[in-house]
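The next block holds one structure in the form of structure tokens; read it before the comments.
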Amino acid sequence: MATIIGGLGTSHVPSIGVALDRGLRDTPDWKPFFDGYEVGKEWMREAKPDVAVVIFNDHGNSFFLDRVPTFAVGVAETYKPVDEGWGPRAIAPFEGAVDLSWHLVDKLVERHFDPLVCREIDVDHGLQVPMELFFGRPEAWPVKVVPIWVNTIQYPIPTPQRCWDMGRVLRETIESFPGDERVVILGTGGLSHQLQGARAGFINREADMAWLDGIANDPEHYRNMTREDYVEQFGSEGAELIMWLVMRGAMDPKVKLIHKHYHAPASMTGAGMVVLENEG
Amino acid sequence: MTDSSRIPDTPLFDRAGSIRGYKLNKMAMALGDPANRDAFRENEEAFLDRFGLSAEEKAAVMSRDWHEMVRLGGNLFFILKISAVDPVPITQIGAAQAGMDHAEFLAQRLGKV
Ligand SMILES: [Fe+2]
């Protein structure tokens with residue numbers, strides 16, 4: 001069976017990619033942010049995963065409003081970085097872990113999740129940026145990916161409880177996969193931010209800090225919150241934090257919080273990460 | 001979860017917004033294609049007409065009125081692509097949402113000095 005070697009939570013703010021593209025890593029605005037990820041990168045180097053399952057949302061790049069899947073799973077052999085309007089980015093395409101993806105689709109449907117299954121699709125910053133944060137800018141990515149898209153743009157978005165339950169199925173999927181792959185799970189998005197309405201620019205540092213500990217040590221609290229609670233505490237776009245629950249739901253009830261990092265603002269967003277390991 | 005009025009000043013992109021902003025967002029989505037970006041640059045109004053935008057929507061786009069675009073159902077993730085063609089920092093778009101001056105927005109909302 002394949003093994004879950006860690007669960008990571010991270011922001012996927014597009015400006016992070018832009019900062020890397022423009023060589024701004026060591027500028028005063030960005031250095032503290034990127035420096036804090038070094039321990040995460042090092043953890044990743046040592047963990048030597050074969051596959052990264054990345055849970056993220058599309059931001060009007062691969063999906064338009066003509067069809068909005070609540071959950072989608074990629075089963076492609078390759079995922080190209082999508083042109084979000086600023087032209088193609090100089091990062092390598094992502095190779096799909098096709099067999100594990102299909103196994104996930106089988107398991108999800110068996111467990112009464114019914115995702116959209118995507119055979120040919122590009123990926124936006126939601127997947128790109130987390131990969132860059134933990135793997136840098138290699139010529140070729142050292143892992144294959146299983147992308148899971150969660151709709152967090154058009155309401156109704158899924159409930160936190162549903163995201164958690166999907167994580168349970170993800171765990172079952174990995175543990176029943178006939179292979180010896182080492183799998184990391186990346187729940188992405190957040191932290192607090194709001195881009196629209198008169199409350200735009202809302203950042204809740206206190207709630208963000210509490211989240212980074214709580215997602216490790218008190219996940220039940222966040223699992224039980226409503227979508228309204230998320231919007232209220234983390235902002236309308238910060239509600240995408242529900243995607244970390246897919247990761248957390250796949251981990252043990254008790255986990256070790258190996259690393260955490262927080263920086264605000266990254267662009268208009270509270271940003272950061274956690275690295276979790278099962279107590280085993 | 002469709003009553004966006006419960007949390008003050010926090011519109012949620014729900015059924016009403018999605019329907020209201022459909023054409024505007026579809027136009028903006030098209031800017032992911034370089035050929036469309038060229039067409040937009042070349043003759044913006046003709047490009048907007050291709051998507052059947054109303055006079056009100058066209059005026060909002062052409063004056064880069066980010067607050068108005070959102071009021072008309074524009075979703076930030078789509079309309080942001082306009083700022084890829086005609087560069088504007090996202091914080092300035094944020095300031096427009098908040099109804100604040102850019103410097104004031106950076107200081108008060110984002111805590112930047
Ligand atoms: Fe996002």
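So you can find residues: chains in the structure tokens are A, B, ... in the order shown, residues in each start at 1, and ligands are numbered from 1 in order.
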Specify as a PDB file with C-alpha atoms, in the first residue's frame all residues of chain A found within 9 Å of chain B, counting only C-alpha atoms.
ATOM      1  CA  HIS A  59      -9.684  30.947 -10.008  1.00  0.00           C
ATOM      2  CA  GLY A  60     -11.503  31.425 -13.273  1.00  0.00           C
ATOM      3  CA  ASN A  61      -8.722  29.919 -15.326  1.00  0.00           C
ATOM      4  CA  PHE A  64     -15.666  29.208 -16.270  1.00  0.00           C
ATOM      5  CA  LEU A  65     -19.123  29.739 -14.817  1.00  0.00           C
ATOM      6  CA  ASP A  66     -20.695  27.715 -17.630  1.00  0.00           C
ATOM      7  CA  VAL A  82      -2.467  27.808 -17.545  1.00  0.00           C
ATOM      8  CA  ASP A  83      -2.106  31.310 -18.995  1.00  0.00           C
ATOM      9  CA  GLU A  84      -4.016  33.413 -16.461  1.00  0.00           C
ATOM     10  CA  GLY A  85      -3.792  36.514 -18.615  1.00  0.00           C
ATOM     11  CA  TRP A  86      -0.167  37.461 -17.949  1.00  0.00           C
ATOM     12  CA  GLY A  87       1.235  34.923 -20.411  1.00  0.00           C
ATOM     13  CA  ILE A 153     -15.761  30.749  -6.089  1.00  0.00           C
ATOM     14  CA  GLN A 154     -19.464  30.408  -6.805  1.00  0.00           C
ATOM     15  CA  TYR A 155     -21.889  29.774  -3.968  1.00  0.00           C
ATOM     16  CA  PRO A 156     -22.930  27.307  -2.821  1.00  0.00           C
ATOM     17  CA  ILE A 157     -19.417  26.143  -2.022  1.00  0.00           C
ATOM     18  CA  GLN A 194     -11.011  39.504   1.172  1.00  0.00           C
ATOM     19  CA  LEU A 195     -10.800  40.967  -2.322  1.00  0.00           C
ATOM     20  CA  GLN A 196     -14.363  42.177  -2.865  1.00  0.00           C
ATOM     21  CA  GLY A 197     -16.860  44.426  -1.121  1.00  0.00           C
ATOM     22  CA  ALA A 198     -16.259  47.297   1.247  1.00  0.00           C
ATOM     23  CA  ARG A 199     -14.476  44.951   3.693  1.00  0.00           C
ATOM     24  CA  ALA A 200     -11.783  44.294   1.050  1.00  0.00           C
ATOM     25  CA  GLY A 201      -8.302  44.142   2.536  1.00  0.00           C
ATOM     26  CA  PHE A 202      -9.613  42.372   5.636  1.00  0.00           C
ATOM     27  CA  ILE A 203      -6.858  40.338   7.293  1.00  0.00           C
ATOM     28  CA  ARG A 227     -19.197  28.382   5.849  1.00  0.00           C
ATOM     29  CA  GLU A 228     -20.519  31.657   7.265  1.00  0.00           C
ATOM     30  CA  VAL A 231     -16.281  33.970   5.699  1.00  0.00           C
ATOM     31  CA  GLU A 232     -16.685  36.023   8.836  1.00  0.00           C
ATOM     32  CA  GLY A 235     -12.858  36.926   4.738  1.00  0.00           C
ATOM     33  CA  SER A 236     -14.872  36.040   1.656  1.00  0.00           C
ATOM     34  CA  ALA A 264       1.068  39.056   6.619  1.00  0.00           C
ATOM     35  CA  PRO A 265       0.395  40.590   4.287  1.00  0.00           C
ATOM     36  CA  SER A 267      -0.020  40.967  -1.323  1.00  0.00           C
ATOM     37  CA  MET A 268      -3.474  41.302   0.330  1.00  0.00           C
ATOM     38  CA  THR A 269      -3.432  37.991   2.169  1.00  0.00           C
TER      39      THR A 269
END
- Message: If we count only C-alpha atoms and set the cut-off at 9 Å, which residues sit around region 58-61 of chain B, ignoring sequence neighbours fewer than 2 positions away in its own chain? Please answer as number ranges by chain.
- Response: B: 24, 45, 48-49, 53-56, 63-69, 72, 79, 82
Save out the residues we just selected, N, CA and C atoms, as a CSV table (one decimal), in the first residue's frame.
chain,number,residue,atom,x,y,z
B,24,LEU,N,-20.2,39.8,-18.4
B,24,LEU,CA,-19.0,40.6,-18.0
B,24,LEU,C,-17.8,39.6,-17.7
B,45,GLU,N,-13.8,48.7,-27.2
B,45,GLU,CA,-15.3,48.7,-27.2
B,45,GLU,C,-15.8,47.6,-28.1
B,48,LEU,N,-15.7,44.4,-26.3
B,48,LEU,CA,-16.8,44.3,-25.3
B,48,LEU,C,-18.1,44.0,-26.0
B,49,ASP,N,-18.3,44.6,-27.1
B,49,ASP,CA,-19.5,44.3,-27.9
B,49,ASP,C,-19.7,42.9,-28.3
B,53,LEU,N,-22.0,43.1,-23.9
B,53,LEU,CA,-22.1,43.9,-22.7
B,53,LEU,C,-23.1,45.1,-22.8
B,54,SER,N,-23.8,45.4,-21.7
B,54,SER,CA,-24.7,46.5,-21.7
B,54,SER,C,-23.8,47.8,-21.6
B,55,ALA,N,-24.5,48.9,-21.9
B,55,ALA,CA,-23.8,50.2,-21.9
B,55,ALA,C,-23.2,50.5,-20.5
B,56,GLU,N,-24.0,50.1,-19.5
B,56,GLU,CA,-23.5,50.2,-18.1
B,56,GLU,C,-22.2,49.4,-17.8
B,63,SER,N,-13.9,52.5,-17.9
B,63,SER,CA,-13.3,53.5,-17.0
B,63,SER,C,-12.6,52.8,-15.9
B,64,ARG,N,-12.4,51.5,-16.0
B,64,ARG,CA,-11.7,50.7,-15.0
B,64,ARG,C,-12.3,51.0,-13.6
B,65,ASP,N,-13.6,51.0,-13.5
B,65,ASP,CA,-14.3,51.2,-12.3
B,65,ASP,C,-14.5,49.9,-11.6
B,66,TRP,N,-13.5,49.5,-10.8
B,66,TRP,CA,-13.5,48.1,-10.2
B,66,TRP,C,-14.6,47.9,-9.2
B,67,HIS,N,-15.1,48.9,-8.6
B,67,HIS,CA,-16.2,48.8,-7.6
B,67,HIS,C,-17.5,48.6,-8.4
B,68,GLU,N,-17.6,49.3,-9.5
B,68,GLU,CA,-18.8,49.2,-10.3
B,68,GLU,C,-18.9,47.8,-11.0
B,69,MET,N,-17.7,47.4,-11.5
B,69,MET,CA,-17.7,46.0,-12.1
B,69,MET,C,-18.2,45.0,-11.2
B,72,LEU,N,-21.9,45.1,-10.6
B,72,LEU,CA,-22.6,44.6,-11.8
B,72,LEU,C,-22.5,43.0,-11.9
B,79,ILE,N,-12.4,39.5,-13.5
B,79,ILE,CA,-12.1,40.8,-14.0
B,79,ILE,C,-10.7,41.2,-13.7
B,82,ILE,N,-8.4,41.8,-16.6
B,82,ILE,CA,-8.3,43.2,-17.3
B,82,ILE,C,-7.0,43.9,-16.8
- Item | Test item: residues at most 10 Å from region 143-150 of chain A, only C-alpha atoms, excluding those fewer than 6 positions along its chain, as a VMD selection string | chain A and resid 48 to 58 68 to 79 94 to 102 104 115 to 118 123 126 to 127 131 135 157 to 158 163 182 to 187 240 242 to 243 246
- Message: Can you tell me, as a list of chain:residue names, which residues in region 184-266 of chain A count as strand (DSSP E) by DSSP?
- Response: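 Answer for region 184-266 of chain A restricted to strand (DSSP E) is A:Val184, A:Ile185, A:Leu186, A:Gly187, A:Thr188, A:Val255, A:Lys256, A:Leu257, A:Ile258, A:His259, A:Lys260, A:His261, A:Tyr262, A:His263, A:Ala264, A:Pro265, A:Ala266.
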Go ahead and save the picked residues with all heavy atoms, as a compact mmCIF listing (two decimals), in the first residue's frame.
# COMPACT_ATOMS: atom_id res chain seq x y z
N VAL A 184 2.54 12.86 -0.26
CA VAL A 184 2.25 14.03 0.58
C VAL A 184 0.93 14.63 0.11
O VAL A 184 0.60 14.59 -1.08
CB VAL A 184 3.32 15.14 0.50
CG1 VAL A 184 4.55 14.78 1.29
CG2 VAL A 184 3.67 15.49 -0.92
N ILE A 185 0.21 15.19 1.06
CA ILE A 185 -1.07 15.83 0.74
C ILE A 185 -0.95 17.32 1.04
O ILE A 185 -0.55 17.70 2.15
CB ILE A 185 -2.20 15.21 1.59
CG1 ILE A 185 -2.23 13.69 1.38
CG2 ILE A 185 -3.54 15.83 1.21
CD1 ILE A 185 -3.16 12.96 2.33
N LEU A 186 -1.26 18.13 0.05
CA LEU A 186 -1.18 19.58 0.21
C LEU A 186 -2.58 20.19 0.17
O LEU A 186 -3.22 20.20 -0.88
CB LEU A 186 -0.34 20.21 -0.91
CG LEU A 186 1.18 20.19 -0.79
CD1 LEU A 186 1.71 18.78 -1.04
CD2 LEU A 186 1.81 21.14 -1.79
N GLY A 187 -3.03 20.65 1.32
CA GLY A 187 -4.26 21.43 1.37
C GLY A 187 -3.87 22.88 1.18
O GLY A 187 -2.99 23.37 1.87
N THR A 188 -4.50 23.56 0.26
CA THR A 188 -4.01 24.91 -0.07
C THR A 188 -5.10 25.98 0.02
O THR A 188 -6.29 25.68 0.07
CB THR A 188 -3.38 24.96 -1.48
OG1 THR A 188 -4.42 25.02 -2.45
CG2 THR A 188 -2.49 23.75 -1.75
N VAL A 255 -1.85 14.54 15.36
CA VAL A 255 -0.70 14.71 14.47
C VAL A 255 0.39 15.52 15.18
O VAL A 255 0.13 16.18 16.19
CB VAL A 255 -1.08 15.46 13.16
CG1 VAL A 255 -2.03 14.63 12.32
CG2 VAL A 255 -1.65 16.84 13.47
N LYS A 256 1.58 15.44 14.61
CA LYS A 256 2.67 16.29 15.10
C LYS A 256 2.75 17.52 14.20
O LYS A 256 2.78 17.38 12.98
CB LYS A 256 4.00 15.53 15.06
CG LYS A 256 4.12 14.48 16.15
CD LYS A 256 5.45 13.73 16.04
CE LYS A 256 5.39 12.69 14.93
NZ LYS A 256 6.51 11.75 14.88
N LEU A 257 2.79 18.68 14.82
CA LEU A 257 2.97 19.93 14.08
C LEU A 257 4.48 20.15 13.96
O LEU A 257 5.13 20.61 14.89
CB LEU A 257 2.29 21.08 14.83
CG LEU A 257 2.44 22.50 14.28
CD1 LEU A 257 2.02 22.60 12.83
CD2 LEU A 257 1.62 23.48 15.12
N ILE A 258 5.02 19.80 12.80
CA ILE A 258 6.48 19.82 12.62
C ILE A 258 6.98 21.24 12.36
O ILE A 258 7.99 21.68 12.91
CB ILE A 258 6.89 18.91 11.43
CG1 ILE A 258 6.32 17.50 11.61
CG2 ILE A 258 8.42 18.87 11.28
CD1 ILE A 258 6.89 16.69 12.74
N HIS A 259 6.28 21.95 11.47
CA HIS A 259 6.67 23.33 11.16
C HIS A 259 5.43 24.18 10.96
O HIS A 259 4.41 23.69 10.49
CB HIS A 259 7.47 23.38 9.84
CG HIS A 259 8.77 22.66 9.89
ND1 HIS A 259 9.80 23.02 10.72
CD2 HIS A 259 9.21 21.57 9.19
CE1 HIS A 259 10.83 22.19 10.54
NE2 HIS A 259 10.50 21.30 9.62
N LYS A 260 5.56 25.44 11.30
CA LYS A 260 4.52 26.39 10.90
C LYS A 260 5.18 27.74 10.63
O LYS A 260 6.25 28.04 11.15
CB LYS A 260 3.43 26.52 11.96
CG LYS A 260 3.88 27.20 13.22
CD LYS A 260 2.69 27.54 14.10
CE LYS A 260 3.23 28.11 15.43
NZ LYS A 260 2.19 28.46 16.36
N HIS A 261 4.52 28.51 9.80
CA HIS A 261 5.07 29.81 9.42
C HIS A 261 3.92 30.72 9.05
O HIS A 261 2.95 30.28 8.43
CB HIS A 261 6.01 29.62 8.21
CG HIS A 261 6.42 30.90 7.56
ND1 HIS A 261 6.93 31.97 8.26
CD2 HIS A 261 6.40 31.30 6.26
CE1 HIS A 261 7.21 32.96 7.42
NE2 HIS A 261 6.88 32.59 6.20
N TYR A 262 4.04 31.98 9.47
CA TYR A 262 3.00 32.95 9.14
C TYR A 262 3.62 34.29 8.77
O TYR A 262 4.58 34.73 9.40
CB TYR A 262 2.02 33.14 10.30
CG TYR A 262 0.88 34.06 9.96
CD1 TYR A 262 -0.08 33.68 9.03
CD2 TYR A 262 0.78 35.33 10.54
CE1 TYR A 262 -1.13 34.53 8.69
CE2 TYR A 262 -0.27 36.18 10.21
CZ TYR A 262 -1.22 35.77 9.28
OH TYR A 262 -2.26 36.60 8.94
N HIS A 263 3.06 34.92 7.77
CA HIS A 263 3.50 36.25 7.36
C HIS A 263 2.31 37.00 6.78
O HIS A 263 1.55 36.46 5.98
CB HIS A 263 4.61 36.12 6.31
CG HIS A 263 5.05 37.44 5.75
ND1 HIS A 263 5.94 38.26 6.42
CD2 HIS A 263 4.71 38.09 4.61
CE1 HIS A 263 6.13 39.37 5.69
NE2 HIS A 263 5.39 39.28 4.59
N ALA A 264 2.15 38.25 7.18
CA ALA A 264 1.07 39.06 6.62
C ALA A 264 1.53 40.51 6.49
O ALA A 264 2.23 41.00 7.37
CB ALA A 264 -0.17 38.98 7.52
N PRO A 265 1.12 41.16 5.41
CA PRO A 265 0.39 40.59 4.29
C PRO A 265 1.35 40.10 3.19
O PRO A 265 2.40 40.69 2.99
CB PRO A 265 -0.39 41.78 3.77
CG PRO A 265 0.50 42.97 4.05
CD PRO A 265 1.29 42.62 5.28
N ALA A 266 0.98 39.05 2.51
CA ALA A 266 1.60 38.69 1.24
C ALA A 266 0.58 39.20 0.21
O ALA A 266 -0.52 38.67 0.14
CB ALA A 266 1.77 37.19 1.11
- Could you check how far CA of Glu181 (chain A) sits from CA of Asp35 (chain A), in Å to one decimal? 29.4 Å
- Could you state the separation of CA of Ala103 (chain B) and CA of Gln233 (chain A) in Å, given to one decimal place?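 Answer for the CA of Ala103 (chain B) to CA of Gln233 (chain A) separation: 24.8 Å.
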